[in-house]
$ cat run08.pdb   # PDB, C-alpha atoms, pLDDT in the B column
ATOM      1  CA  MET A  14       0.000   0.000   0.000  1.00 91.00           C
ATOM      2  CA  VAL A  15       1.339   3.460  -0.931  1.00 86.00           C
ATOM      3  CA  ILE A  16       0.880   5.801   2.039  1.00 84.00           C
ATOM      4  CA  GLY A  17       2.326   9.086   0.795  1.00 89.00           C
ATOM      5  CA  LEU A  18       4.918  10.959  -1.205  1.00 90.00           C
ATOM      6  CA  HIS A  19       8.386  11.245   0.330  1.00 93.00           C
ATOM      7  CA  HIS A  20      10.383  13.071  -2.361  1.00 96.00           C
ATOM      8  CA  VAL A  21      10.742  13.800  -6.039  1.00 96.00           C
ATOM      9  CA  GLN A  22      13.958  14.076  -7.995  1.00 96.00           C
ATOM     10  CA  ILE A  23      14.843  16.406 -10.813  1.00 96.00           C
ATOM     11  CA  THR A  24      18.199  16.625 -12.533  1.00 96.00           C
ATOM     12  CA  ILE A  25      20.587  19.327 -13.629  1.00 97.00           C
ATOM     13  CA  PRO A  26      23.782  18.954 -15.672  1.00 96.00           C
ATOM     14  CA  LYS A  27      26.861  17.654 -13.850  1.00 95.00           C
ATOM     15  CA  GLY A  28      28.962  20.425 -12.330  1.00 95.00           C
ATOM     16  CA  GLU A  29      26.071  22.931 -12.186  1.00 96.00           C
ATOM     17  CA  GLU A  30      25.290  22.539  -8.480  1.00 97.00           C
ATOM     18  CA  GLU A  31      26.219  26.115  -7.504  1.00 97.00           C
ATOM     19  CA  LYS A  32      24.036  27.574 -10.255  1.00 97.00           C
ATOM     20  CA  GLY A  33      21.260  25.196  -9.184  1.00 97.00           C
ATOM     21  CA  LYS A  34      21.572  26.146  -5.525  1.00 98.00           C
ATOM     22  CA  HIS A  35      21.434  29.818  -6.454  1.00 97.00           C
ATOM     23  CA  PHE A  36      18.223  29.349  -8.428  1.00 97.00           C
ATOM     24  CA  TYR A  37      16.436  27.009  -6.057  1.00 97.00           C
ATOM     25  CA  CYS A  38      17.641  28.487  -2.752  1.00 98.00           C
ATOM     26  CA  GLN A  39      17.986  32.193  -3.607  1.00 96.00           C
ATOM     27  CA  VAL A  40      15.403  32.774  -6.360  1.00 96.00           C
ATOM     28  CA  LEU A  41      12.751  30.285  -5.184  1.00 96.00           C
ATOM     29  CA  GLY A  42      13.710  30.527  -1.504  1.00 96.00           C
ATOM     30  CA  LEU A  43      13.843  26.780  -0.840  1.00 97.00           C
ATOM     31  CA  LYS A  44      15.950  25.447   2.029  1.00 98.00           C
ATOM     32  CA  GLU A  45      18.895  23.170   1.274  1.00 98.00           C
ATOM     33  CA  ILE A  46      19.120  20.129   3.550  1.00 98.00           C
ATOM     34  CA  GLU A  47      22.133  17.917   4.063  1.00 96.00           C
ATOM     35  CA  LYS A  48      22.422  14.740   2.036  1.00 95.00           C
ATOM     36  CA  PRO A  49      23.480  11.543   3.816  1.00 94.00           C
ATOM     37  CA  ASP A  50      27.249  11.009   3.743  1.00 93.00           C
ATOM     38  CA  SER A  51      26.759   7.858   1.664  1.00 94.00           C
ATOM     39  CA  LEU A  52      25.269   9.930  -1.189  1.00 93.00           C
ATOM     40  CA  LYS A  53      27.406  13.078  -1.116  1.00 90.00           C
ATOM     41  CA  GLY A  54      29.891  11.766  -3.686  1.00 90.00           C
ATOM     42  CA  ARG A  55      27.164  11.455  -6.323  1.00 92.00           C
ATOM     43  CA  GLY A  56      26.763  15.222  -6.767  1.00 93.00           C
ATOM     44  CA  GLY A  57      23.585  17.231  -6.568  1.00 96.00           C
ATOM     45  CA  PHE A  58      21.824  18.574  -3.484  1.00 97.00           C
ATOM     46  CA  TRP A  59      18.567  18.177  -1.575  1.00 98.00           C
ATOM     47  CA  LEU A  60      15.870  20.707  -0.743  1.00 98.00           C
ATOM     48  CA  GLN A  61      13.116  20.842   1.882  1.00 97.00           C
ATOM     49  CA  VAL A  62       9.683  21.921   0.607  1.00 96.00           C
ATOM     50  CA  GLY A  63       7.136  21.854   3.420  1.00 94.00           C
ATOM     51  CA  ASN A  64       7.222  18.308   4.759  1.00 94.00           C
ATOM     52  CA  LYS A  65       8.515  16.868   1.469  1.00 95.00           C
ATOM     53  CA  GLU A  66      11.918  16.819  -0.205  1.00 97.00           C
ATOM     54  CA  VAL A  67      13.136  17.658  -3.690  1.00 97.00           C
ATOM     55  CA  HIS A  68      16.333  15.851  -4.623  1.00 97.00           C
ATOM     56  CA  VAL A  69      18.350  17.630  -7.299  1.00 97.00           C
ATOM     57  CA  GLY A  70      20.611  15.082  -8.949  1.00 96.00           C
ATOM     58  CA  THR A  71      23.112  15.500 -11.748  1.00 96.00           C
ATOM     59  CA  GLU A  72      22.777  13.955 -15.190  1.00 94.00           C
ATOM     60  CA  ASP A  73      24.351  14.739 -18.543  1.00 93.00           C
ATOM     61  CA  GLY A  74      23.156  13.855 -22.022  1.00 92.00           C
ATOM     62  CA  PHE A  75      19.495  14.661 -21.435  1.00 87.00           C
ATOM     63  CA  ASP A  76      17.497  17.442 -23.125  1.00 92.00           C
ATOM     64  CA  ARG A  77      15.163  18.679 -20.401  1.00 93.00           C
ATOM     65  CA  LEU A  78      13.317  20.872 -22.919  1.00 90.00           C
ATOM     66  CA  THR A  79      11.818  17.816 -24.625  1.00 91.00           C
ATOM     67  CA  THR A  80       9.786  16.455 -21.720  1.00 90.00           C
ATOM     68  CA  LYS A  81       6.487  17.292 -20.067  1.00 91.00           C
ATOM     69  CA  ALA A  82       7.817  15.901 -16.783  1.00 93.00           C
ATOM     70  CA  HIS A  83       7.670  18.604 -14.128  1.00 95.00           C
ATOM     71  CA  ILE A  84       7.337  19.514 -10.500  1.00 96.00           C
ATOM     72  CA  ALA A  85       4.520  21.743  -9.225  1.00 96.00           C
ATOM     73  CA  TYR A  86       5.068  23.993  -6.226  1.00 96.00           C
ATOM     74  CA  GLN A  87       1.932  25.006  -4.326  1.00 96.00           C
ATOM     75  CA  VAL A  88       2.049  28.724  -3.516  1.00 96.00           C
ATOM     76  CA  GLU A  89      -0.068  31.265  -1.653  1.00 94.00           C
ATOM     77  CA  ASN A  90       0.315  34.334  -3.884  1.00 95.00           C
ATOM     78  CA  ILE A  91       0.677  33.269  -7.490  1.00 96.00           C
ATOM     79  CA  GLU A  92       0.701  36.826  -8.864  1.00 96.00           C
ATOM     80  CA  GLN A  93       3.639  37.676  -6.610  1.00 97.00           C
ATOM     81  CA  TRP A  94       5.504  34.674  -8.009  1.00 97.00           C
ATOM     82  CA  LYS A  95       4.786  35.702 -11.597  1.00 96.00           C
ATOM     83  CA  LYS A  96       6.228  39.131 -10.872  1.00 97.00           C
ATOM     84  CA  ALA A  97       9.269  37.829  -8.971  1.00 96.00           C
ATOM     85  CA  LEU A  98      10.187  35.352 -11.703  1.00 97.00           C
ATOM     86  CA  ALA A  99       9.639  37.907 -14.474  1.00 96.00           C
ATOM     87  CA  GLU A 100      12.028  40.238 -12.623  1.00 95.00           C
ATOM     88  CA  GLN A 101      14.621  37.446 -12.922  1.00 95.00           C
ATOM     89  CA  HIS A 102      13.980  37.402 -16.709  1.00 96.00           C
ATOM     90  CA  ILE A 103      12.303  34.017 -16.522  1.00 96.00           C
ATOM     91  CA  GLU A 104       9.718  33.471 -19.251  1.00 96.00           C
ATOM     92  CA  ILE A 105       6.258  32.640 -17.898  1.00 97.00           C
ATOM     93  CA  PHE A 106       3.938  30.287 -19.811  1.00 95.00           C
ATOM     94  CA  ASP A 107       0.199  30.025 -19.234  1.00 91.00           C
ATOM     95  CA  SER A 108      -1.047  26.580 -18.246  1.00 90.00           C
ATOM     96  CA  VAL A 109      -4.188  24.893 -19.473  1.00 92.00           C
ATOM     97  CA  PRO A 110      -6.890  25.926 -16.978  1.00 93.00           C
ATOM     98  CA  ILE A 111      -8.128  23.383 -14.455  1.00 95.00           C
ATOM     99  CA  PRO A 112     -11.032  23.917 -12.035  1.00 97.00           C
ATOM    100  CA  HIS A 113     -10.282  25.512  -8.648  1.00 97.00           C
ATOM    101  CA  PHE A 114      -6.660  26.360  -9.426  1.00 97.00           C
ATOM    102  CA  GLU A 115      -4.650  29.239 -10.843  1.00 96.00           C
ATOM    103  CA  ARG A 116      -1.342  28.113 -12.309  1.00 97.00           C
ATOM    104  CA  PHE A 117       1.517  28.925 -14.657  1.00 97.00           C
ATOM    105  CA  GLU A 118       4.713  27.281 -15.865  1.00 97.00           C
ATOM    106  CA  PHE A 119       8.310  28.212 -16.538  1.00 97.00           C
ATOM    107  CA  ARG A 120      11.614  26.491 -17.217  1.00 97.00           C
ATOM    108  CA  ASP A 121      14.414  26.564 -14.660  1.00 97.00           C
ATOM    109  CA  PRO A 122      17.907  27.591 -15.878  1.00 96.00           C
ATOM    110  CA  PHE A 123      18.536  23.973 -16.918  1.00 96.00           C
ATOM    111  CA  GLY A 124      15.333  23.484 -18.918  1.00 96.00           C
ATOM    112  CA  ASN A 125      13.328  21.612 -16.272  1.00 97.00           C
ATOM    113  CA  ARG A 126       9.616  22.389 -16.497  1.00 96.00           C
ATOM    114  CA  VAL A 127       8.278  23.922 -13.282  1.00 97.00           C
ATOM    115  CA  GLU A 128       4.700  24.758 -12.341  1.00 96.00           C
ATOM    116  CA  MET A 129       3.447  27.171  -9.704  1.00 97.00           C
ATOM    117  CA  ILE A 130      -0.098  26.402  -8.575  1.00 97.00           C
ATOM    118  CA  GLN A 131      -2.506  28.097  -6.176  1.00 96.00           C
ATOM    119  CA  GLU A 132      -5.866  26.802  -5.019  1.00 95.00           C
ATOM    120  CA  ILE A 133      -8.630  29.362  -5.511  1.00 93.00           C
TER
END

$ encode --input "run08.pdb" --output "structure tokens"
Amino acid sequence: MVIGLHHVQITIPKGEEEKGKHFYCQVLGLKEIEKPDSLKGRGGFWLQVGNKEVHVGTEDGFDRLTTKAHIAYQVENIEQWKKALAEQHIEIFDSVPIPHFERFEFRDPFGNRVEMIQEI
């Protein structure tokens, strides 16, 4: 029986951890958490998002712009996020509407698709 969601993993190119930490920790304001010693040699970093984790691994040879795979962050003030990301020169894309939610998408600096979603 599946009882919940523990973490999701996205990837960035090998050697881009500092750029990734800047985007995810400084621009999005997520908190970095320490990886277990047994995994530190594999590259990447981990983030805390509420009571869940986002694991940012490293992977080369993959075109992130060709996939619909994405992560959706639930937010409280979606208009504030649109403005903050636009100020960082991040292109905002409208999402297909779904009932009871306002949402938009963008690509992180590595091409990963990201969604911001707010319940209305």

$ residues_around --input "run08.pdb" --residues "range 47-64 of chain A" --least-positions-apart "6" --cutoff "7 Å" --atoms "only C-alpha atoms" --output "list in words"
Glu30, Gly70 and Thr71 of chain A

$ write_last_selection --input "run08.pdb" --atoms "C-alpha atoms" --output "PDB file, keeping the file's coordinate frame"
ATOM      1  CA  GLU A  30      25.290  22.539  -8.480  1.00 97.00           C
ATOM      2  CA  GLY A  70      20.611  15.082  -8.949  1.00 96.00           C
ATOM      3  CA  THR A  71      23.112  15.500 -11.748  1.00 96.00           C
TER       4      THR A  71
END

$ resolve_selection --input "run08.pdb" --expression "the PyMOL selection byres ((chain A and resi 122) around 12)" --output "number ranges by chain"
A: 24-26, 29-37, 40, 77-78, 98, 101-104, 119-121, 123-127

$ resolve_selection --input "run08.pdb" --expression "the PyMOL selection byres ((chain A and resi 132) around 7)" --output "ChimeraX atom specification"
/A:113-115,130-131,133

$ write_last_selection --input "run08.pdb" --atoms "C-alpha atoms" --output "PDB file, in the coordinates of the input"
ATOM      1  CA  HIS A 113     -10.282  25.512  -8.648  1.00 97.00           C
ATOM      2  CA  PHE A 114      -6.660  26.360  -9.426  1.00 97.00           C
ATOM      3  CA  GLU A 115      -4.650  29.239 -10.843  1.00 96.00           C
ATOM      4  CA  ILE A 130      -0.098  26.402  -8.575  1.00 97.00           C
ATOM      5  CA  GLN A 131      -2.506  28.097  -6.176  1.00 96.00           C
ATOM      6  CA  ILE A 133      -8.630  29.362  -5.511  1.00 93.00           C
TER       7      ILE A 133
END

$ closest_residue --input "run08.pdb" --among "A:Ile16, A:Lys95, A:Val21, A:Leu43" --to "His68 in chain A" --atoms "all atoms listed in the file"
A:Val21

$ atom_distance --input "run08.pdb" --atom1 "CA of Ile105 in chain A" --atom2 "CA of Phe117 in chain A"
6.8 Å

$ closest_residue --input "run08.pdb" --among "A:Lys65, A:Phe106, A:Gly17, A:Glu72" --to "Gln87 in chain A" --atoms "only C-alpha atoms"
A:Lys65

$ atom_distance --input "run08.pdb" --atom1 "CA of Ser108 in chain A" --atom2 "CA of Val88 in chain A"
15.2 Å

$ atom_distance --input "run08.pdb" --atom1 "CA of Val109 in chain A" --atom2 "CA of Asp76 in chain A"
23.2 Å

$ closest_residue --input "run08.pdb" --among "A:Lys27, A:Met14, A:Gln39, A:Met129" --to "Phe75 in chain A" --atoms "all atoms listed in the file"
A:Lys27

$ closest_residue --input "run08.pdb" --among "A:His19, A:Leu41, A:Glu128, A:Tyr86" --to "Asp107 in chain A" --atoms "all atoms listed in the file"
A:Glu128

$ closest_residue --input "run08.pdb" --among "A:Gln93, A:Glu45, A:Glu118, A:Glu66" --to "Lys81 in chain A" --atoms "only C-alpha atoms"
A:Glu118

$ axis_aligned_box --input "run08.pdb" --around "range 118-132 of chain A" --padding-each-side "3 Å" --output "JSON"
{"center_x": 6.3, "center_y": 24.9, "center_z": -12.0, "size_x": 30.4, "size_y": 12.6, "size_z": 19.9}

$ closest_residue --input "run08.pdb" --among "A:Ala85, A:Ile91, A:Val67, A:Ala97" --to "Lys44 in chain A" --atoms "all atoms listed in the file"
A:Val67
